[in-house]
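Peer 1: Contents are mmCIF, C-alpha atoms; file name coords_25.cif:
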```cif
data_coords
loop_
_atom_site.label_atom_id
_atom_site.label_comp_id
_atom_site.auth_asym_id
_atom_site.auth_seq_id
_atom_site.Cartn_x
_atom_site.Cartn_y
_atom_site.Cartn_z
CA MET N 1 93.20 95.48 67.59
CA LYS N 2 96.13 94.13 65.61
CA ARG N 3 99.42 93.81 67.33
CA ALA N 4 102.22 96.15 66.31
CA ARG N 5 105.01 94.34 64.52
CA GLN N 6 108.39 95.54 63.41
CA LYS N 7 110.29 93.57 60.80
CA VAL N 8 113.92 94.02 59.95
CA VAL N 9 114.57 93.01 56.34
CA VAL N 10 118.09 92.75 54.95
CA GLU N 11 118.71 92.10 51.27
CA ASN N 12 120.92 89.11 50.71
CA ALA N 13 123.55 88.74 48.03
CA ALA N 14 123.39 84.95 48.39
CA PRO N 15 120.96 82.85 46.26
CA GLN N 16 117.32 83.35 47.19
CA THR N 17 116.01 81.16 50.02
CA SER N 18 112.82 79.20 49.85
CA GLN N 19 109.46 80.78 50.62
CA LYS N 20 109.24 78.64 53.75
CA SER N 21 112.50 80.00 55.14
CA LYS N 22 111.41 83.57 54.36
CA ASN N 23 108.36 83.18 56.55
CA GLN N 24 110.20 81.71 59.49
CA LYS N 25 110.06 83.73 62.72
CA THR N 26 113.27 82.20 63.98
CA CYS N 27 116.71 83.67 63.32
CA LEU N 28 118.18 83.28 59.84
CA TYR N 29 121.73 83.94 58.79
CA GLY N 30 122.84 85.17 55.39
CA SER N 31 125.87 86.80 53.89
CA VAL N 32 126.05 90.39 52.82
CA PHE N 33 129.40 91.68 51.61
CA GLY N 34 131.04 88.72 53.27
CA GLU N 35 129.61 89.40 56.75
CA SER N 36 127.08 87.42 58.76
CA VAL N 37 123.80 89.26 59.26
CA LEU N 38 121.00 88.36 61.65
CA HIS N 39 117.45 88.42 60.24
CA THR N 40 114.76 88.93 62.86
CA SER N 41 111.05 89.34 62.99
CA MET N 42 110.02 90.72 66.39
CA ASP N 43 106.51 90.82 67.83
CA TRP N 44 106.59 93.98 69.97
CA GLY N 45 103.18 93.21 71.40
CA SER N 46 104.56 90.07 73.04
CA LEU N 47 107.27 91.82 75.03
CA PRO N 48 107.18 91.02 78.77
CA HIS N 49 105.31 93.45 80.98
CA HIS N 50 108.44 94.58 82.82
CA VAL N 51 110.20 95.43 79.54
CA ILE N 52 107.25 97.48 78.26
CA LEU N 53 107.00 99.20 81.65
CA HIS N 54 110.68 100.14 81.47
CA ILE N 55 110.18 101.62 77.99
CA PHE N 56 107.06 103.55 79.06
CA GLN N 57 108.97 105.15 81.95
CA TYR N 58 111.18 106.96 79.43
CA LEU N 59 108.34 108.16 77.20
CA PRO N 60 106.75 111.63 77.51
CA LEU N 61 103.15 111.44 78.64
CA VAL N 62 101.69 112.15 75.18
CA ASP N 63 103.77 109.41 73.55
CA ARG N 64 102.95 107.01 76.36
CA ALA N 65 99.22 107.66 75.89
CA ARG N 66 99.51 107.06 72.14
CA ALA N 67 101.48 103.87 72.70
CA SER N 68 98.76 102.58 75.02
CA SER N 69 96.36 102.39 72.08
CA VAL N 70 98.58 99.99 70.11
CA CYS N 71 97.23 96.84 71.73
CA ARG N 72 95.51 95.52 74.82
CA ARG N 73 98.77 94.42 76.43
CA TRP N 74 100.32 97.87 76.11
CA ASN N 75 97.14 99.44 77.45
CA GLU N 76 97.38 97.21 80.52
CA VAL N 77 100.96 98.36 81.14
CA PHE N 78 99.87 101.99 80.66
CA HIS N 79 97.72 101.65 83.79
CA ILE N 80 100.30 99.93 86.02
CA PRO N 81 100.42 101.97 89.29
CA ASP N 82 104.19 102.49 89.13
CA LEU N 83 103.72 104.79 86.14
CA TRP N 84 101.39 107.07 88.11
CA ARG N 85 103.46 107.76 91.23
CA ARG N 86 104.65 111.06 89.73
CA PHE N 87 102.45 113.35 87.68
CA GLU N 88 102.37 116.99 86.68
CA PHE N 89 99.04 118.46 85.69
CA GLU N 90 99.61 121.21 83.14
CA LEU N 91 96.71 123.63 82.84
CA ASN N 92 96.97 126.46 80.33
CA GLN N 93 94.48 128.57 78.42
CA PRO N 94 95.06 128.76 74.63
CA ALA N 95 94.35 132.49 74.65
CA THR N 96 97.03 133.28 77.24
CA SER N 97 99.68 130.57 76.86
CA TYR N 98 101.51 128.74 74.09
CA LEU N 99 102.02 125.71 76.35
CA LYS N 100 99.82 122.66 75.89
CA SER N 101 97.54 121.37 78.60
CA THR N 102 97.00 117.89 79.95
CA HIS N 103 94.03 116.54 78.01
CA PRO N 104 90.75 116.68 80.00
CA ASP N 105 89.94 113.03 79.18
CA LEU N 106 93.29 111.95 80.60
CA ILE N 107 92.70 114.01 83.73
CA GLN N 108 89.37 112.28 84.32
CA GLN N 109 90.97 108.90 83.71
CA ILE N 110 93.66 109.68 86.27
CA ILE N 111 91.10 110.80 88.85
CA LYS N 112 88.98 107.70 88.23
CA ARG N 113 91.71 105.05 88.07
CA HIS N 114 94.89 106.46 89.61
CA ALA N 115 94.04 108.96 92.34
CA ASP N 116 95.16 106.49 95.00
CA HIS N 117 98.45 105.86 93.14
CA LEU N 118 99.54 109.51 92.98
CA GLN N 119 102.37 110.33 95.38
CA TYR N 120 104.45 113.14 93.85
CA VAL N 121 102.06 115.63 92.28
CA SER N 122 102.43 119.15 90.93
CA PHE N 123 100.09 121.56 89.17
CA LYS N 124 101.64 123.95 86.67
CA VAL N 125 99.29 126.73 85.60
CA ASP N 126 99.57 129.90 83.53
CA SER N 127 98.49 133.37 84.67
CA SER N 128 94.77 132.89 84.01
CA THR N 129 92.25 132.46 86.81
CA GLU N 130 90.53 129.71 84.78
CA SER N 131 93.64 127.52 84.93
CA ALA N 132 94.02 128.00 88.67
CA GLU N 133 90.35 127.19 89.24
CA ALA N 134 90.71 124.06 87.12
CA ALA N 135 93.61 122.99 89.35
CA CYS N 136 91.42 123.52 92.42
CA ASP N 137 88.64 121.45 90.84
CA ILE N 138 91.08 118.55 90.33
CA LEU N 139 92.38 118.83 93.90
CA SER N 140 88.80 118.67 95.16
CA GLN N 141 88.34 115.28 93.48
CA LEU N 142 91.44 113.60 94.97
CA VAL N 143 89.47 112.04 97.82
CA ASN N 144 91.35 108.71 97.71
CA CYS N 145 94.85 110.14 97.44
CA SER N 146 97.98 109.33 99.43
CA ILE N 147 100.13 112.20 98.16
CA LYS N 148 103.59 112.75 99.67
CA THR N 149 104.69 115.81 97.67
CA LEU N 150 102.38 118.57 96.48
CA GLY N 151 103.47 121.57 94.42
CA LEU N 152 101.38 124.43 93.03
CA ILE N 153 103.37 126.31 90.40
CA SER N 154 102.31 129.50 88.63
CA THR N 155 104.34 130.26 85.52
CA ALA N 156 103.14 133.88 85.79
CA LYS N 157 101.10 135.96 88.21
CA PRO N 158 98.36 136.32 89.39
CA SER N 159 96.88 132.84 88.78
CA PHE N 160 96.06 131.25 92.18
CA MET N 161 95.88 134.63 93.89
CA ASN N 162 92.75 135.43 91.87
CA VAL N 163 90.92 132.29 93.02
CA SER N 164 88.51 132.88 95.88
CA LYS N 165 90.07 132.02 99.23
CA ALA N 166 87.14 129.76 100.12
CA HIS N 167 87.43 127.74 96.89
CA PHE N 168 91.20 127.37 97.27
CA ALA N 169 91.03 126.39 100.94
CA SER N 170 88.28 123.87 100.27
CA ALA N 171 90.31 122.18 97.52
CA LEU N 172 93.47 122.02 99.64
CA THR N 173 91.55 120.64 102.59
CA VAL N 174 90.57 117.57 100.55
CA VAL N 175 94.23 116.71 99.96
CA PHE N 176 95.38 117.70 103.45
CA VAL N 177 92.72 115.53 105.11
CA ASN N 178 92.96 112.49 102.86
CA SER N 179 96.71 112.22 102.25
CA LYS N 180 97.91 111.97 105.87
CA SER N 181 101.48 111.43 104.60
CA LEU N 182 102.49 114.77 103.11
CA SER N 183 106.20 115.41 103.52
CA SER N 184 106.75 118.29 101.09
CA VAL N 185 104.31 121.13 100.32
CA LYS N 186 105.24 123.97 97.95
CA ILE N 187 102.44 126.50 97.56
CA ASP N 188 103.92 129.91 96.75
CA ASP N 189 101.78 132.84 95.61
CA THR N 190 98.49 131.36 96.80
CA PRO N 191 95.63 132.42 99.13
CA LEU N 192 96.72 129.85 101.74
CA ASP N 193 95.56 130.92 105.20
CA ASP N 194 96.02 129.97 108.85
CA PRO N 195 92.95 127.66 109.07
CA SER N 196 94.28 125.71 106.06
CA LEU N 197 97.64 125.33 107.79
CA LYS N 198 95.90 123.98 110.89
CA VAL N 199 94.18 121.33 108.76
CA LEU N 200 97.53 120.43 107.18
CA VAL N 201 99.18 120.08 110.59
CA ALA N 202 96.29 118.16 112.14
CA ASN N 203 96.53 115.44 109.49
CA ASN N 204 100.22 115.38 108.51
CA SER N 205 102.19 116.48 111.57
CA ASP N 206 104.23 113.26 111.72
CA THR N 207 105.39 113.40 108.10
CA LEU N 208 105.76 117.07 107.08
CA LYS N 209 109.41 118.00 106.49
CA LEU N 210 109.30 120.87 103.98
CA LEU N 211 106.84 123.76 103.82
CA LYS N 212 107.39 126.43 101.19
CA MET N 213 104.83 129.23 101.15
CA SER N 214 106.42 132.47 100.06
CA SER N 215 104.04 135.26 99.01
CA CYS N 216 101.05 133.91 100.92
CA PRO N 217 99.64 137.14 102.39
CA HIS N 218 96.87 135.43 104.38
CA VAL N 219 99.33 133.44 106.52
CA SER N 220 100.34 135.04 109.82
CA PRO N 221 103.17 134.30 112.27
CA ALA N 222 100.60 132.45 114.37
CA GLY N 223 100.02 130.04 111.48
CA ILE N 224 103.77 129.42 111.20
CA LEU N 225 104.00 128.80 114.93
CA CYS N 226 101.25 126.22 114.68
CA VAL N 227 103.34 124.34 112.12
CA ALA N 228 106.53 124.62 114.19
CA ASP N 229 104.75 123.51 117.34
CA GLN N 230 103.14 120.38 115.87
CA CYS N 231 105.45 119.20 113.06
CA HIS N 232 108.38 117.70 114.92
CA GLY N 233 110.10 116.53 111.74
CA LEU N 234 110.08 119.94 109.99
CA LYS N 235 113.47 120.51 108.33
CA GLU N 236 112.89 123.25 105.76
CA LEU N 237 110.72 126.35 105.94
CA ALA N 238 110.34 129.04 103.27
CA LEU N 239 108.38 132.24 103.85
CA ASN N 240 108.20 135.93 103.08
CA TYR N 241 110.12 138.45 105.13
CA PHE N 242 106.93 140.25 106.13
CA ILE N 243 105.99 137.17 108.21
CA LEU N 244 109.40 136.98 109.86
CA SER N 245 109.57 138.61 113.28
CA ASP N 246 111.57 138.55 116.49
CA GLU N 247 108.70 136.70 118.15
CA LEU N 248 108.68 134.01 115.46
CA LEU N 249 112.44 133.43 115.64
CA LEU N 250 112.31 133.25 119.42
CA ALA N 251 109.41 130.82 119.25
CA LEU N 252 111.29 128.60 116.77
CA SER N 253 114.23 128.73 119.17
CA SER N 254 112.19 127.76 122.21
CA GLU N 255 110.67 124.58 120.73
CA LYS N 256 113.01 121.77 121.76
CA HIS N 257 111.87 119.48 118.97
CA VAL N 258 112.41 122.05 116.18
CA ASP N 259 115.63 121.35 114.28
CA LEU N 260 115.50 123.37 111.07
CA GLU N 261 118.12 122.65 108.43
CA HIS N 262 117.03 125.37 105.97
CA LEU N 263 115.21 128.65 106.53
CA ARG N 264 114.53 130.47 103.27
CA ILE N 265 113.36 134.08 103.34
CA ASP N 266 112.15 136.01 100.28
CA VAL N 267 112.49 139.78 100.60
CA VAL N 268 110.42 141.22 97.77
CA SER N 269 109.20 144.70 96.90
CA GLU N 270 106.72 145.21 94.07
CA ASN N 271 106.35 148.99 94.48
CA PRO N 272 109.54 150.90 95.36
CA GLY N 273 109.23 153.15 98.36
CA GLN N 274 105.79 151.90 99.41
CA VAL N 275 106.97 149.21 101.82
CA GLU N 276 109.03 149.95 104.93
CA PHE N 277 110.91 146.84 106.01
CA HIS N 278 111.30 146.08 109.69
CA THR N 279 114.57 145.09 111.37
CA ILE N 280 115.16 141.75 113.08
CA LYS N 281 117.18 142.07 116.29
CA LYS N 282 120.55 140.39 116.72
CA GLN N 283 119.36 138.66 119.89
CA SER N 284 116.61 136.89 117.93
CA TRP N 285 119.04 135.61 115.30
CA ASP N 286 121.46 134.52 118.03
CA ALA N 287 118.74 132.52 119.75
CA LEU N 288 117.93 130.65 116.54
CA ILE N 289 121.59 129.81 115.87
CA LYS N 290 122.12 128.66 119.44
CA HIS N 291 119.12 126.36 119.08
CA SER N 292 119.91 125.13 115.53
CA PRO N 293 123.63 125.81 114.98
CA LYS N 294 123.78 124.11 111.56
CA VAL N 295 120.77 125.84 110.01
CA ASN N 296 121.25 127.39 106.56
CA ILE N 297 119.59 130.80 106.35
CA VAL N 298 118.95 131.68 102.73
CA MET N 299 117.77 135.15 101.72
CA TYR N 300 116.58 136.21 98.26
CA PHE N 301 116.43 139.97 97.76
CA PHE N 302 114.35 141.65 95.07
CA LEU N 303 114.50 145.23 96.34
CA TYR N 304 115.43 148.64 95.02
CA GLU N 305 118.59 150.25 96.37
CA GLU N 306 116.77 152.71 98.61
CA GLU N 307 114.92 149.87 100.41
CA PHE N 308 117.95 148.09 101.94
CA ASP N 309 118.32 150.34 104.97
CA ALA N 310 116.84 147.86 107.47
CA PHE N 311 119.21 145.00 106.64
CA PHE N 312 122.64 143.89 107.90
CA ARG N 313 123.27 146.81 110.24
CA GLU N 314 123.98 144.22 112.94
CA GLU N 315 125.50 140.77 112.75
CA THR N 316 123.16 138.47 110.82
CA PRO N 317 123.74 134.69 110.54
CA VAL N 318 122.72 134.45 106.87
CA THR N 319 124.56 131.73 104.91
CA HIS N 320 123.32 132.26 101.33
CA LEU N 321 122.57 135.65 99.77
CA TYR N 322 121.06 136.30 96.34
CA PHE N 323 120.46 139.80 95.03
CA GLY N 324 118.13 139.78 92.03
CA ARG N 325 118.28 143.56 91.54
CA ALA N 326 120.97 146.20 91.92
CA VAL N 327 122.56 146.47 95.36
CA SER N 328 124.67 149.40 96.56
CA LYS N 329 128.35 149.44 97.54
CA ALA N 330 127.32 150.43 101.06
CA MET N 331 125.11 147.37 101.37
CA LEU N 332 127.89 145.04 100.20
CA GLY N 333 130.21 146.71 102.68
CA ARG N 334 127.79 145.93 105.54
CA ILE N 335 127.61 142.32 104.38
CA GLY N 336 131.39 142.07 104.61
CA LEU N 337 131.28 143.29 108.22
CA ASN N 338 128.14 141.60 109.57
CA CYS N 339 127.69 138.22 107.84
CA PRO N 340 130.40 135.93 109.27
CA ARG N 341 128.50 132.72 108.39
CA LEU N 342 128.18 133.62 104.69
CA ILE N 343 128.79 130.65 102.36
CA GLU N 344 127.43 131.89 99.03
CA LEU N 345 126.96 135.35 97.56
CA VAL N 346 125.38 136.17 94.18
CA VAL N 347 125.10 139.77 93.00
CA CYS N 348 123.23 140.22 89.75
CA ALA N 349 123.84 143.95 89.40
CA ASN N 350 125.56 146.98 90.91
CA GLY N 351 126.41 150.49 89.82
CA LEU N 352 129.43 151.57 87.81
CA GLN N 353 131.82 151.88 90.74
CA PRO N 354 134.43 149.13 91.27
CA LEU N 355 133.69 146.80 94.17
CA ASP N 356 137.33 146.04 95.06
CA ASP N 357 137.19 147.20 98.69
CA GLU N 358 133.86 145.47 99.33
CA LEU N 359 135.06 142.12 97.96
CA ILE N 360 138.28 142.28 99.95
CA ARG N 361 136.32 143.04 103.12
CA ILE N 362 134.05 140.05 102.41
CA ALA N 363 137.10 137.83 101.91
CA GLU N 364 138.57 139.06 105.22
CA HIS N 365 135.51 138.57 107.39
CA CYS N 366 133.49 135.79 105.69
CA LYS N 367 135.77 132.83 106.37
CA ASN N 368 133.16 130.29 105.24
CA LEU N 369 132.63 131.78 101.78
CA THR N 370 132.91 129.06 99.12
CA ALA N 371 130.76 130.39 96.25
CA MET N 372 130.64 133.76 94.52
CA GLY N 373 128.77 135.04 91.47
CA LEU N 374 128.91 138.53 89.95
CA GLY N 375 126.78 139.78 87.09
CA GLU N 376 126.49 143.41 85.98
CA CYS N 377 129.15 144.81 88.31
CA GLU N 378 132.67 146.22 88.01
CA VAL N 379 135.84 144.94 89.65
CA THR N 380 139.44 145.72 88.70
CA CYS N 381 141.60 142.76 87.78
CA ARG N 382 144.00 143.59 90.64
CA GLY N 383 141.15 143.79 93.17
CA PHE N 384 139.64 140.54 91.96
CA ILE N 385 142.96 138.69 92.19
CA GLU N 386 143.46 140.02 95.72
CA PHE N 387 140.00 138.71 96.64
CA VAL N 388 140.75 135.27 95.19
CA LYS N 389 144.17 135.17 96.86
CA MET N 390 142.58 135.81 100.26
CA CYS N 391 139.87 133.16 99.76
CA GLY N 392 142.21 130.60 98.23
CA GLY N 393 141.16 127.08 97.30
CA ARG N 394 137.99 127.21 99.44
CA LEU N 395 136.20 128.94 96.54
CA THR N 396 134.61 125.88 94.96
CA GLN N 397 132.32 127.99 92.74
CA LEU N 398 133.43 131.23 91.12
CA SER N 399 131.23 132.61 88.36
CA ILE N 400 132.27 136.05 87.11
CA MET N 401 131.22 137.55 83.79
CA GLU N 402 134.18 138.71 81.69
CA GLU N 403 132.48 142.10 81.29
CA VAL N 404 132.73 142.62 85.07
CA LEU N 405 136.53 142.64 85.08
CA ILE N 406 138.37 145.91 84.34
CA PRO N 407 141.94 145.46 83.05
CA ASP N 408 144.54 147.63 84.81
CA ASN N 409 148.27 148.35 84.55
CA ASP N 410 149.18 145.17 86.40
CA TYR N 411 146.88 142.55 84.90
CA SER N 412 145.31 141.97 81.52
CA LEU N 413 142.40 139.57 81.04
CA GLU N 414 144.80 137.08 79.44
CA ARG N 415 147.06 137.06 82.47
CA LEU N 416 144.18 137.19 84.93
CA HIS N 417 142.90 133.65 84.34
CA LEU N 418 146.39 132.20 84.91
CA GLU N 419 146.83 134.10 88.17
CA VAL N 420 143.35 133.18 89.45
CA SER N 421 143.85 129.54 88.44
CA LYS N 422 147.07 129.45 90.46
CA HIS N 423 145.37 130.62 93.65
CA LEU N 424 142.31 128.39 93.18
CA GLY N 425 144.41 125.31 92.48
CA ARG N 426 142.47 124.53 89.30
CA MET N 427 141.95 125.93 85.82
CA TRP N 428 139.59 128.89 85.78
CA PHE N 429 138.21 131.24 83.12
CA PRO N 430 135.69 134.08 83.43
CA ASP N 431 132.22 133.43 82.02
CA MET N 432 131.44 134.70 78.54
CA MET N 433 128.31 136.63 77.67
CA PRO N 434 126.30 134.38 75.32
CA THR N 435 125.61 135.78 71.88
CA TRP N 436 122.70 134.68 69.72
#
```
Once you've parsed the file, please lay out its structure as structure tokens.

Peer 2:
Amino acid sequence: MKRARQKVVVENAAPQTSQKSKNQKTCLYGSVFGESVLHTSMDWGSLPHHVILHIFQYLPLVDRARASSVCRRWNEVFHIPDLWRRFEFELNQPATSYLKSTHPDLIQQIIKRHADHLQYVSFKVDSSTESAEAACDILSQLVNCSIKTLGLISTAKPSFMNVSKAHFASALTVVFVNSKSLSSVKIDDTPLDDPSLKVLVANNSDTLKLLKMSSCPHVSPAGILCVADQCHGLKELALNYFILSDELLLALSSEKHVDLEHLRIDVVSENPGQVEFHTIKKQSWDALIKHSPKVNIVMYFFLYEEEFDAFFREETPVTHLYFGRAVSKAMLGRIGLNCPRLIELVVCANGLQPLDDELIRIAEHCKNLTAMGLGECEVTCRGFIEFVKMCGGRLTQLSIMEEVLIPDNDYSLERLHLEVSKHLGRMWFPDMMPTW
């Protein structure tokens, strides 16, 4: 195959040079409009390996694959192991997704030549069962892998949840058994089960630091306890609220080697009114904090207003709260009274009643609060300024939509940003609703 060449040709106002000098591959100098110009003829195929490798690292996969067909040298660089440490398999069905898929020939080439080079791997699939099954088929072939990070990502439900539990568990087992160095596993919305977790722990207990498995209905508290008991380096755990229990928190608190840094809990309701959420006792939370005093407890709520009754009636050591649906004034009032460790609060929506009193209560009792975000809510300008005044410069992040703020007799929107900026110690403006 011919080498790719790029020639830079500059017309010269000086008298024409000889044919011999035109063909030279060395540098030539001419004069164009009185300036010196460098003439070059570069053989891109002769670039050093490390230069080509550096260029390939910045190319999207499709462009990198095309570039590999330019010449033998570039094809050699294309297969250098360093380029295959990180890879995302994209699996989409044309009938259900507009996204392109990783070409099947490339997938087979990766399995054949680079399975043992893969270290940071993710599978991104659409909602179809076919895509999820294709991901499982690839996982089943990674028998020579040494993966450190594994992520299974569904861009839409149901995807992996429609794969048979036996097929899914069998595919995961191949990676769990052969890797033996997994440090991060993110497998939300999958049919992961307790036996699969035991295989993961048996082969990766010394390396596992992060386990994220929200919406895995086949996992029980016993499976979580198995992980906590064996994985001494576990730092981050993400799970669904339905798995969380007093027994689990007490067990995590009784293991001397457990030192969690992040506990993420997803509280999700798909059908309003059909799920009754249990309450976690204050004593259980207290035991966890006594055991791991620096742990961040992050809770994501996707509930309907009538489903919040079980939460925050007693002191709860949550540090980060995100409400993806509307939350009532009463609920926000309980947060102000019972969440003294709160660092960040994001409320996407509320009713049409101003939240002045609730915000002021949060400012009074949540002395660690440094980040606040309000979406479709209402707060008077006076109430908002009072909240900011009480929090002061510790509010490092303050994201409030302009539509949230209600002008009153004391403050207009124009004056508000100056007053808030003064109390924050930096220039601040409310966020604007994008228009397009």

Peer 1: Evaluate the PyMOL selection byres ((chain N and resi 95) around 12) on the structure here and hand back the selected residues as number ranges by chain.

Peer 2: N: 92-94, 96-100, 126-128, 130-131

Peer 1: Record the distance separating CA of Asn204 (chain N) and CA of Gln230 (chain N), expressed in Å with one decimal.

Peer 2: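 Separation of CA of Asn204 (chain N) and CA of Gln230 (chain N): 9.4 Å.
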
Peer 1: What is the CA of Val185 (chain N) to CA of Gln119 (chain N) distance in Å?

Peer 2: 12.0 Å

Peer 1: Could you work out how far CA of Tyr300 (chain N) lies from CA of Asp357 (chain N), giving the answer in Å with one decimal?

Peer 2: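 That distance, rounded to one decimal, is 23.4 Å.
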
Peer 1: Quick one: which residues end up in the PyMOL selection byres ((chain N and resi 290) around 12) for this structure, as a list in words?

Peer 2: Leu249, Leu250, Leu252, Ser253, Ser254, Lys256, Asp259, Leu260, Gln283, Ser284, Trp285, Asp286, Ala287, Leu288, Ile289, His291, Ser292, Pro293, Lys294, Val295 and Pro317 of chain N

Peer 1: Residue by residue, what does the PyMOL selection byres ((chain N and resi 157) around 9) grab here? Present the result as a list of chain:residue names.

Peer 2: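 Selected by the PyMOL selection byres ((chain N and resi 157) around 9) in this file: N:Asp126, N:Ser127, N:Ser128, N:Ser154, N:Thr155, N:Ala156, N:Pro158, N:Ser159, N:Phe160, N:Met161, N:Asp189.
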
Peer 1: Tell me which protein, DNA and RNA residues are within 7 Å of region 417-423 of chain N, counting only C-alpha atoms, leaving out same-chain ones fewer than 4 positions away, and put them as an mmCIF file with C-alpha atoms, in the coordinates of the input.

Peer 2:
```cif
data_model
loop_
_atom_site.group_PDB
_atom_site.id
_atom_site.type_symbol
_atom_site.label_atom_id
_atom_site.label_comp_id
_atom_site.auth_asym_id
_atom_site.auth_seq_id
_atom_site.Cartn_x
_atom_site.Cartn_y
_atom_site.Cartn_z
ATOM 1 C CA ILE N 385 142.960 138.690 92.190
ATOM 2 C CA VAL N 388 140.750 135.270 95.190
ATOM 3 C CA LYS N 389 144.170 135.170 96.860
ATOM 4 C CA GLY N 392 142.210 130.600 98.230
ATOM 5 C CA GLY N 393 141.160 127.080 97.300
ATOM 6 C CA LEU N 413 142.400 139.570 81.040
ATOM 7 C CA MET N 427 141.950 125.930 85.820
ATOM 8 C CA TRP N 428 139.590 128.890 85.780
ATOM 9 C CA PHE N 429 138.210 131.240 83.120
#
```

Peer 1: Just the residues within 9 Å of Ala363 (chain N), please, counting all atoms listed in the file, with nothing from its chain fewer than 5 positions along; format it as an NGL selection string.

Peer 2: :N and (336 or 358 or 369 or 387-388 or 390-391)

Peer 1: Name all residues at most 9 Å from Phe323 (chain N) (count all atoms listed in the file; drop same-chain ones fewer than 5 positions away) and give them as a PDB file with C-alpha atoms, keeping the file's coordinate frame.

Peer 2:
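Output file out11.pdb is given in full below:
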```pdb
ATOM      1  CA  MET N 299     117.770 135.150 101.720  1.00  0.00           C
ATOM      2  CA  TYR N 300     116.580 136.210  98.260  1.00  0.00           C
ATOM      3  CA  PHE N 301     116.430 139.970  97.760  1.00  0.00           C
ATOM      4  CA  PHE N 302     114.350 141.650  95.070  1.00  0.00           C
ATOM      5  CA  LEU N 303     114.500 145.230  96.340  1.00  0.00           C
ATOM      6  CA  LEU N 345     126.960 135.350  97.560  1.00  0.00           C
ATOM      7  CA  VAL N 346     125.380 136.170  94.180  1.00  0.00           C
ATOM      8  CA  VAL N 347     125.100 139.770  93.000  1.00  0.00           C
ATOM      9  CA  CYS N 348     123.230 140.220  89.750  1.00  0.00           C
ATOM     10  CA  ALA N 349     123.840 143.950  89.400  1.00  0.00           C
TER      11      ALA N 349
END
```

Peer 1: So that I can see what lies close to region 101-109 of chain N, please list as a PyMOL selection string the residues with an atom at most 7 Å from it, counting all atoms listed in the file and leaving out residues fewer than 4 positions away in the same chain.

Peer 2: chain N and resi 89-92+113

Peer 1: With a distance cut-off of 10 Å and all atoms listed in the file, select the neighbouring residues of Leu197 (chain N), excluding the residue or stretch itself and same-chain residues fewer than 4 positions from it, and output the selection as a VMD selection string.

Peer 2: chain N and resid 169 172 to 173 176 192 to 193 201 to 202 219 223 to 224 226 to 227

Peer 1: Which polymer residues, whether protein, DNA or RNA, lie within 8 Å of the coordinate (96.8, 110.6, 97.3) when you count only C-alpha atoms? List them as a PDB file with C-alpha atoms, in the coordinates of the input, using the chain letters and numbers from the file.

Peer 2:
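Output saved as point32.pdb:
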```pdb
ATOM      1  CA  ALA N 115      94.040 108.960  92.340  1.00  0.00           C
ATOM      2  CA  ASP N 116      95.160 106.490  95.000  1.00  0.00           C
ATOM      3  CA  HIS N 117      98.450 105.860  93.140  1.00  0.00           C
ATOM      4  CA  LEU N 118      99.540 109.510  92.980  1.00  0.00           C
ATOM      5  CA  GLN N 119     102.370 110.330  95.380  1.00  0.00           C
ATOM      6  CA  LEU N 142      91.440 113.600  94.970  1.00  0.00           C
ATOM      7  CA  VAL N 143      89.470 112.040  97.820  1.00  0.00           C
ATOM      8  CA  ASN N 144      91.350 108.710  97.710  1.00  0.00           C
ATOM      9  CA  CYS N 145      94.850 110.140  97.440  1.00  0.00           C
ATOM     10  CA  SER N 146      97.980 109.330  99.430  1.00  0.00           C
ATOM     11  CA  ILE N 147     100.130 112.200  98.160  1.00  0.00           C
ATOM     12  CA  LYS N 148     103.590 112.750  99.670  1.00  0.00           C
ATOM     13  CA  VAL N 175      94.230 116.710  99.960  1.00  0.00           C
ATOM     14  CA  ASN N 178      92.960 112.490 102.860  1.00  0.00           C
ATOM     15  CA  SER N 179      96.710 112.220 102.250  1.00  0.00           C
TER      16      SER N 179
END
```
